[in-house]
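One file, model06.cif, carrying mmCIF, C-alpha atoms:
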```cif
data_input
loop_
_atom_site.label_atom_id
_atom_site.label_comp_id
_atom_site.auth_asym_id
_atom_site.auth_seq_id
_atom_site.Cartn_x
_atom_site.Cartn_y
_atom_site.Cartn_z
CA MET L 1 0.00 0.00 0.00
CA ASP L 2 1.72 3.18 -1.22
CA THR L 3 -0.75 5.74 0.14
CA CYS L 4 -2.50 6.03 3.48
CA PRO L 5 -6.13 4.82 3.26
CA VAL L 6 -7.17 7.42 5.86
CA CYS L 7 -5.47 10.67 4.78
CA SER L 8 -3.95 9.76 1.37
CA TRP L 9 -0.40 10.56 2.50
CA ASP L 10 2.19 9.19 0.07
CA PHE L 11 4.61 6.89 1.90
CA SER L 12 7.31 7.65 -0.68
CA THR L 13 7.38 11.36 0.24
CA GLY L 14 8.70 11.10 3.78
CA GLU L 15 9.89 9.02 6.70
CA PHE L 16 7.56 6.78 8.66
CA LYS L 17 7.78 4.50 11.68
CA VAL L 18 7.87 0.71 11.30
CA ILE L 19 7.47 -1.90 14.04
CA PRO L 20 7.09 -5.70 14.04
CA TYR L 21 3.51 -7.01 13.66
CA PRO L 22 2.58 -8.73 16.94
CA SER L 23 1.50 -12.26 16.05
CA GLY L 24 2.53 -14.28 19.09
CA THR L 25 3.50 -17.82 18.16
CA ARG L 26 1.18 -17.91 15.15
CA PRO L 27 2.78 -19.74 12.19
CA LYS L 28 3.96 -17.27 9.55
CA ILE L 29 1.93 -18.64 6.65
CA ALA L 30 2.84 -16.80 3.45
CA GLY L 31 0.21 -14.29 2.42
CA GLN L 32 -1.69 -14.48 5.71
CA VAL L 33 0.23 -13.00 8.65
CA PRO L 34 1.83 -9.56 8.14
CA THR L 35 5.38 -8.99 9.38
CA THR L 36 5.37 -5.25 10.16
CA ILE L 37 3.12 -2.28 10.88
CA ARG L 38 3.84 0.97 9.02
CA PHE L 39 2.60 4.22 10.53
CA CYS L 40 1.45 7.09 8.34
CA GLY L 41 3.72 10.12 8.62
CA ARG L 42 0.72 12.47 8.56
CA CYS L 43 -2.23 10.99 10.50
CA GLY L 44 -0.38 8.28 12.40
CA VAL L 45 -2.65 5.36 11.54
CA GLY L 46 -0.92 1.97 11.51
CA LEU L 47 -1.14 -0.36 8.50
CA ALA L 48 -0.31 -4.07 8.42
CA CYS L 49 2.39 -4.89 5.87
CA PRO L 50 2.24 -6.87 3.72
CA PRO L 51 -1.56 -6.64 3.66
CA ILE L 52 -3.49 -9.78 4.57
CA SER L 53 -4.23 -11.60 1.33
CA GLY L 54 -7.69 -11.68 -0.17
CA GLU L 55 -7.69 -15.47 0.01
CA ALA L 56 -6.91 -15.40 3.72
CA THR L 57 -9.61 -12.81 4.36
CA GLU L 58 -12.18 -14.86 2.46
CA GLY L 59 -11.30 -17.95 4.46
CA LEU L 60 -11.45 -16.13 7.77
CA TYR L 61 -14.74 -14.30 7.42
CA SER L 62 -16.92 -16.32 5.06
CA GLN L 63 -15.69 -19.91 5.32
CA GLY L 64 -16.04 -20.46 9.04
CA GLU L 65 -12.48 -19.77 10.22
CA TYR L 66 -13.10 -16.59 12.23
CA TRP L 67 -16.08 -17.97 14.18
CA LYS L 68 -15.10 -21.65 14.11
CA GLN L 69 -15.35 -21.88 17.92
CA THR L 70 -19.06 -20.98 17.81
CA GLN L 71 -21.74 -23.59 17.38
CA SER L 72 -25.49 -23.23 17.05
CA GLY L 73 -27.20 -22.84 20.41
CA VAL L 74 -24.34 -21.17 22.33
CA SER L 75 -25.85 -19.54 25.43
CA LEU L 76 -25.20 -16.21 27.09
CA ARG L 77 -23.80 -18.14 30.06
CA ILE L 78 -20.96 -19.38 27.88
CA LEU L 79 -20.38 -16.00 26.18
CA PRO L 80 -21.16 -13.24 28.72
CA VAL L 81 -18.34 -10.95 27.52
CA PRO L 82 -19.69 -10.13 24.02
CA PHE L 83 -23.14 -9.60 25.52
CA ALA L 84 -21.70 -7.16 28.08
CA LEU L 85 -19.91 -5.33 25.26
CA ALA L 86 -23.17 -5.11 23.31
CA GLN L 87 -24.83 -3.51 26.32
CA ALA L 88 -22.07 -0.91 26.65
CA ARG L 89 -22.30 -0.05 22.96
CA TRP L 90 -26.08 0.18 22.87
CA ARG L 91 -26.10 2.58 25.83
CA LEU L 92 -24.15 5.04 23.68
CA ILE L 93 -26.40 4.55 20.65
CA GLU L 94 -29.86 4.41 22.20
CA GLY L 95 -30.16 8.01 23.41
CA SER L 96 -29.31 9.53 20.03
CA VAL L 97 -31.71 7.20 18.21
CA ALA L 98 -34.49 7.97 20.68
CA GLU L 99 -34.18 11.71 20.00
CA HIS L 100 -35.45 11.40 16.43
CA ALA L 101 -37.37 8.09 16.48
CA GLY L 102 -40.05 9.05 18.97
CA SER L 103 -42.59 6.26 19.41
CA ARG L 104 -42.09 4.59 16.02
CA ALA L 105 -40.20 1.32 15.61
CA ILE L 106 -36.58 1.69 14.49
CA ARG L 107 -34.40 -0.25 12.09
CA VAL L 108 -30.85 -1.16 13.16
CA LEU L 109 -28.16 -2.37 10.75
CA ASP L 110 -25.31 -4.29 12.42
CA ILE L 111 -22.42 -4.84 10.01
CA GLY L 112 -20.25 -7.74 11.11
CA ALA L 113 -22.92 -8.80 13.58
CA GLY L 114 -21.16 -11.89 14.94
CA HIS L 115 -23.32 -13.41 17.68
CA GLY L 116 -25.97 -10.73 17.15
CA TYR L 117 -26.03 -9.76 20.82
CA LEU L 118 -26.43 -6.08 19.94
CA GLY L 119 -29.78 -7.03 18.42
CA LEU L 120 -30.82 -8.83 21.59
CA VAL L 121 -29.94 -5.80 23.69
CA ALA L 122 -31.75 -3.41 21.31
CA ALA L 123 -34.81 -5.67 21.31
CA ALA L 124 -35.10 -5.51 25.09
CA LYS L 125 -37.50 -2.96 26.56
CA GLY L 126 -35.90 0.49 26.54
CA SER L 127 -36.39 4.03 25.33
CA VAL L 128 -36.81 2.91 21.70
CA ARG L 129 -38.78 0.10 20.06
CA LEU L 130 -36.87 -2.16 17.70
CA GLY L 131 -38.80 -3.01 14.56
CA GLU L 132 -36.07 -4.69 12.50
CA TYR L 133 -32.57 -5.91 13.24
CA CYS L 134 -30.61 -6.34 10.02
CA ALA L 135 -27.48 -8.40 10.67
CA VAL L 136 -24.75 -8.48 8.01
CA GLU L 137 -22.51 -11.48 8.65
CA PRO L 138 -20.47 -13.19 5.89
CA ASP L 139 -20.13 -16.52 7.74
CA PRO L 140 -23.13 -18.75 6.83
CA THR L 141 -22.72 -20.76 10.04
CA MET L 142 -23.06 -17.61 12.11
CA ARG L 143 -26.11 -16.51 10.13
CA GLN L 144 -27.68 -19.88 10.94
CA TYR L 145 -26.80 -19.40 14.61
CA LEU L 146 -28.31 -15.90 14.57
CA ASN L 147 -31.63 -17.17 13.24
CA HIS L 148 -31.68 -19.99 15.79
CA MET L 149 -30.83 -17.67 18.67
CA TRP L 150 -33.40 -15.05 17.65
CA ALA L 151 -36.21 -17.59 17.40
CA SER L 152 -35.26 -19.39 20.62
CA ARG L 153 -35.39 -16.16 22.62
CA GLY L 154 -38.78 -15.17 21.21
CA CYS L 155 -37.72 -11.74 19.93
CA LYS L 156 -40.70 -9.87 18.49
CA ALA L 157 -38.69 -7.62 16.18
CA THR L 158 -37.97 -8.82 12.65
CA LEU L 159 -34.54 -10.38 12.04
CA VAL L 160 -32.93 -10.12 8.60
CA THR L 161 -29.58 -11.83 8.04
CA LEU L 162 -27.49 -10.94 4.99
CA PRO L 163 -24.02 -12.01 3.79
CA SER L 164 -22.86 -8.61 2.53
CA LEU L 165 -23.37 -4.88 2.95
CA ASP L 166 -24.13 -4.79 -0.78
CA ASP L 167 -27.33 -6.74 -0.06
CA VAL L 168 -28.79 -4.09 2.27
CA THR L 169 -31.66 -1.99 0.94
CA GLY L 170 -33.55 0.89 2.52
CA SER L 171 -32.49 3.31 5.25
CA CYS L 172 -31.70 2.68 8.90
CA ASP L 173 -31.94 4.65 12.11
CA ALA L 174 -28.65 3.25 13.37
CA VAL L 175 -25.75 1.62 11.56
CA VAL L 176 -23.23 -0.21 13.74
CA LEU L 177 -19.60 -1.08 12.96
CA SER L 178 -18.29 -2.91 16.03
CA HIS L 179 -14.76 -4.22 15.56
CA VAL L 180 -15.04 -4.22 11.80
CA LEU L 181 -12.96 -1.29 10.48
CA GLU L 182 -9.69 -2.70 11.82
CA HIS L 183 -10.18 -5.65 9.46
CA VAL L 184 -10.75 -3.84 6.15
CA ASP L 185 -8.14 -2.54 3.73
CA ALA L 186 -10.22 0.34 2.31
CA PRO L 187 -11.82 1.93 5.40
CA LEU L 188 -12.90 5.19 3.76
CA SER L 189 -15.05 3.61 1.05
CA PHE L 190 -16.36 1.09 3.58
CA VAL L 191 -17.53 3.85 5.96
CA GLU L 192 -19.03 5.78 3.04
CA SER L 193 -21.01 2.69 2.02
CA ALA L 194 -22.19 2.13 5.59
CA ALA L 195 -23.19 5.80 5.96
CA GLY L 196 -25.16 5.51 2.74
CA CYS L 197 -27.58 3.22 4.60
CA LEU L 198 -28.47 5.93 7.14
CA SER L 199 -31.77 7.75 7.26
CA ARG L 200 -31.54 11.55 7.27
CA GLU L 201 -31.23 11.73 11.06
CA GLY L 202 -29.74 8.27 11.57
CA VAL L 203 -26.52 7.67 13.51
CA LEU L 204 -23.42 5.66 12.69
CA PHE L 205 -21.64 3.97 15.61
CA VAL L 206 -18.04 2.78 15.33
CA ASP L 207 -16.09 0.72 17.86
CA VAL L 208 -12.44 -0.22 17.17
CA PRO L 209 -9.49 -1.31 19.32
CA ASN L 210 -7.34 1.54 20.62
CA GLN L 211 -3.90 0.88 19.10
CA ASP L 212 -3.92 -2.71 20.31
CA HIS L 213 -0.47 -3.33 18.85
CA LEU L 214 0.78 -1.55 21.98
CA PHE L 215 -0.51 -4.11 24.45
CA LYS L 216 -1.50 -7.37 22.74
CA ARG L 217 0.83 -10.23 21.93
CA ASP L 218 -1.24 -11.26 18.90
CA VAL L 219 -3.32 -8.81 16.81
CA PHE L 220 -4.01 -11.01 13.77
CA PRO L 221 -6.13 -10.52 11.65
CA HIS L 222 -6.17 -6.76 12.31
CA ALA L 223 -5.09 -4.76 9.28
CA ILE L 224 -5.43 -1.16 10.57
CA PHE L 225 -4.52 0.35 13.93
CA PHE L 226 -6.49 3.48 14.82
CA SER L 227 -5.99 6.28 17.30
CA VAL L 228 -8.74 8.73 18.24
CA GLN L 229 -7.21 11.27 15.85
CA SER L 230 -6.96 8.96 12.83
CA LEU L 231 -10.45 7.53 13.34
CA GLY L 232 -11.91 11.03 13.70
CA LEU L 233 -10.20 12.10 10.48
CA LEU L 234 -11.54 9.04 8.63
CA LEU L 235 -15.11 9.78 9.71
CA GLU L 236 -14.76 13.44 8.73
CA ARG L 237 -13.45 12.52 5.29
CA ALA L 238 -16.45 10.22 4.88
CA GLY L 239 -18.74 13.24 5.23
CA LEU L 240 -19.75 12.59 8.84
CA GLU L 241 -19.95 14.91 11.82
CA SER L 242 -19.00 13.61 15.22
CA LEU L 243 -21.54 13.55 18.03
CA SER L 244 -19.06 11.94 20.39
CA ILE L 245 -15.72 10.14 20.18
CA GLY L 246 -13.67 8.80 23.06
CA VAL L 247 -11.73 5.93 24.58
CA TRP L 248 -13.31 3.33 26.86
CA GLY L 249 -12.23 0.39 28.97
CA ARG L 250 -9.45 -0.11 31.49
CA ASP L 251 -6.04 1.44 30.85
CA MET L 252 -4.56 -0.65 28.04
CA TYR L 253 -1.51 -1.65 30.09
CA GLY L 254 -3.63 -2.69 33.06
CA SER L 255 -6.39 -4.26 31.01
CA PRO L 256 -6.96 -8.02 31.23
CA LEU L 257 -6.39 -7.98 27.46
CA CYS L 258 -2.74 -7.01 28.05
CA ASP L 259 -0.19 -9.78 28.56
CA ARG L 260 1.67 -7.49 30.96
CA ALA L 261 -1.38 -6.73 33.11
CA PRO L 262 -0.84 -7.02 36.90
CA VAL L 263 -0.83 -10.59 38.18
CA THR L 264 -3.58 -9.75 40.65
CA ARG L 265 -5.87 -8.74 37.77
CA LYS L 266 -5.17 -12.00 35.96
CA LEU L 267 -5.96 -13.95 39.12
CA VAL L 268 -9.21 -12.02 39.54
CA GLY L 269 -10.08 -12.94 35.95
CA LYS L 270 -9.51 -16.63 36.62
CA ALA L 271 -11.68 -16.44 39.74
CA ILE L 272 -14.44 -14.74 37.75
CA GLY L 273 -14.19 -17.37 35.03
CA VAL L 274 -14.70 -20.16 37.56
CA SER L 275 -17.44 -18.47 39.59
CA SER L 276 -19.40 -17.18 36.56
CA LYS L 277 -20.50 -20.73 35.76
CA ALA L 278 -22.53 -20.71 38.97
CA LEU L 279 -23.73 -17.10 38.85
CA PRO L 280 -27.03 -15.97 37.31
CA VAL L 281 -26.38 -14.87 33.72
CA GLY L 282 -27.30 -11.24 34.41
CA LEU L 283 -24.86 -11.02 37.31
CA SER L 284 -22.11 -12.71 35.32
CA VAL L 285 -22.55 -10.14 32.55
CA ARG L 286 -22.31 -7.28 35.06
CA VAL L 287 -19.18 -8.74 36.67
CA TYR L 288 -17.40 -9.04 33.31
CA SER L 289 -18.47 -5.51 32.39
CA TRP L 290 -16.80 -4.26 35.57
CA TYR L 291 -13.72 -6.44 35.05
CA PHE L 292 -12.99 -5.08 31.58
CA GLY L 293 -14.25 -1.56 32.34
CA MET L 294 -16.62 -1.75 29.37
CA GLY L 295 -18.62 1.32 30.33
CA ARG L 296 -15.69 3.21 31.78
CA PRO L 297 -14.16 6.17 29.89
CA ASP L 298 -10.35 6.29 30.05
CA SER L 299 -8.04 8.20 27.70
CA LYS L 300 -5.68 5.19 27.66
CA GLY L 301 -8.42 2.59 27.47
CA THR L 302 -8.75 -0.38 25.15
CA TRP L 303 -11.56 0.69 22.81
CA ILE L 304 -12.32 3.80 20.72
CA ARG L 305 -16.04 4.48 20.27
CA ALA L 306 -17.49 7.12 17.97
CA LEU L 307 -21.05 8.21 17.31
CA CYS L 308 -21.67 10.36 14.26
CA ARG L 309 -24.19 11.27 11.59
CA ARG L 310 -24.13 12.56 8.05
CA LYS L 311 -23.38 16.27 7.77
CA GLN L 312 -26.59 18.20 7.38
CA SER L 313 -26.77 20.44 4.29
#
```
Please lay out the structure from this file as structure tokens.
Amino acid sequence: MDTCPVCSWDFSTGEFKVIPYPSGTRPKIAGQVPTTIRFCGRCGVGLACPPISGEATEGLYSQGEYWKQTQSGVSLRILPVPFALAQARWRLIEGSVAEHAGSRAIRVLDIGAGHGYLGLVAAAKGSVRLGEYCAVEPDPTMRQYLNHMWASRGCKATLVTLPSLDDVTGSCDAVVLSHVLEHVDAPLSFVESAAGCLSREGVLFVDVPNQDHLFKRDVFPHAIFFSVQSLGLLLERAGLESLSIGVWGRDMYGSPLCDRAPVTRKLVGKAIGVSSKALPVGLSVRVYSWYFGMGRPDSKGTWIRALCRRKQS
């Protein structure tokens, strides 16, 4: 990649920082695992080099590799962490959607929906009424799981599962990109396409890791490493105005996600993992939310979250 996908800076025009790509003990399969991260000399965004191959990306996201640990019927008891994250994200989205939705049912588009827990949270009784949850998920096994999960929990809102953003039609009150942008090689056009699905007053929500190359031993298959500044610039270039942007979660170096986190925090995590099997699901979700600081703002936290909308003419 010769130019920065965020600010279009030409890498041949100046000096830039390069560091090794953290991949732990992962086998260095040619064309799959990058070897370095190059940082743009203008906006500072980090880019995996060489880029992850198209074949590897296809295998990861649409042929079952990325979600291979998930099987149909997985319960919230087994996966309380993604559900707790969905709650933290929806709390930031719900208020802005409620402002313009009023009493009508809303439509939410979740791109890279994974387990679809954001839909479950949005469908619960709150300040807005969910009419349709449109989940874009390229993995057919996960789409099957989503349909099973939605039916088994008796959700009244309509569920639509699609393999690609290109298959989405109509406008949405909220478009969600949770841990998606760090995986794509053309983030500007991707955000523009996602924003094109918004209604006039709809909101776009983005959640990405905060420079996780700084504290994780293995970041594969992440292709882009954002800071608050570079993510804000990307959203602005996509024709969006920011309603809020900030960093959340425990300090990255003290986070349970960091290999160098304090031993006491790791021990607490192990204790939570054992005890959560006996706790009520709701309590287990709350405990994990506290443990990771999911609803806690911190300038050195582990996640960057932005809420924006299309610039009004």
Using the chain letters and numbering of this document, enumerate as a ChimeraX atom specification the residues selected by the PyMOL selection byres ((chain L and resi 80) around 12). /L:74-79,81-87,115,117,272-273,276-277,279-289,291-292
Give as a PyMOL selection string the residues that the PyMOL selection byres ((chain L and resi 14) around 12) matches when applied to the coordinates above. chain L and resi 2-3+9-13+15-17+39-42
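Comparing the minimum interatomic distances between Ala113 in chain L and each of L:Met149, L:Met294, L:Val206, L:Met142, counting only C-alpha atoms, we find that L:Met142 sits nearest.
The two atoms in question, CA of Asn210 in chain L and CA of Gly114 in chain L, are spaced 20.1 Å apart.
Straight-line separation from CA of Ser164 in chain L to CA of Val128 in chain L: 26.4 Å.
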Excluding Asp207 in chain L and any residue of its chain fewer than 5 positions from it, enumerate the residues within 10 Å of it, using all atoms listed in the file, and give them as a PyMOL selection string. chain L and resi 89+176-182+231+245-248+303-307
Identify all residues satisfying the PyMOL selection byres ((chain L and resi 98) around 12) in the given file; provide them as a list in words.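 For this structure, the PyMOL selection byres ((chain L and resi 98) around 12) resolves to Trp90, Arg91, Leu92, Ile93, Glu94, Gly95, Ser96, Val97, Glu99, His100, Ala101, Gly102, Ser103, Arg104, Ala105, Ile106, Arg107, Ala122, Gly126, Ser127, Val128, Arg129, Leu130, Asp173, Ala174, Glu201, Gly202 and Val203 of chain L.
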Could you pull the residues within 12 Å of range 153-162 of chain L, counting only C-alpha atoms, minus those fewer than 2 positions along the same chain, as a ChimeraX atom specification? /L:62,73,75-76,105-117,119-125,129-151,164-169
Smallest atom-to-atom distance to Pro5 in chain L: which of L:Val175, L:Ile37, L:Ile19, L:Ile224, using only C-alpha atoms? L:Ile224
Excluding Pro50 in chain L and any residue of its chain fewer than 5 positions from it, enumerate the residues within 10 Å of it, using all atoms listed in the file, and give them as a VMD selection string. chain L and resid 1 30 to 38 223
Name the closest residue to Val184 in chain L among the candidates L:Val274, L:Leu198, L:Val208, L:Leu243; distances are taken between atoms, counting all atoms listed in the file. L:Val208
As a check of understanding: the span from CA of Ser230 in chain L to CA of Ser171 in chain L is 27.2 Å
With distances taken over all atoms listed in the file, which residue among L:Ser227, L:Ser152, L:Ser242, L:Ser199 lies nearest Gln211 in chain L? L:Ser227
As an NGL selection string, please: the residues near Arg250 in chain L (cut-off 10 Å, all atoms listed in the file, same-chain neighbours under 6 positions excluded). :L and (256-257 or 290-303)
Nearest candidate to Met252 in chain L (options L:His222, L:Lys270, L:Arg265, L:Lys216; using only C-alpha atoms):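 Smallest separation from Met252 in chain L among the options: L:Lys216.
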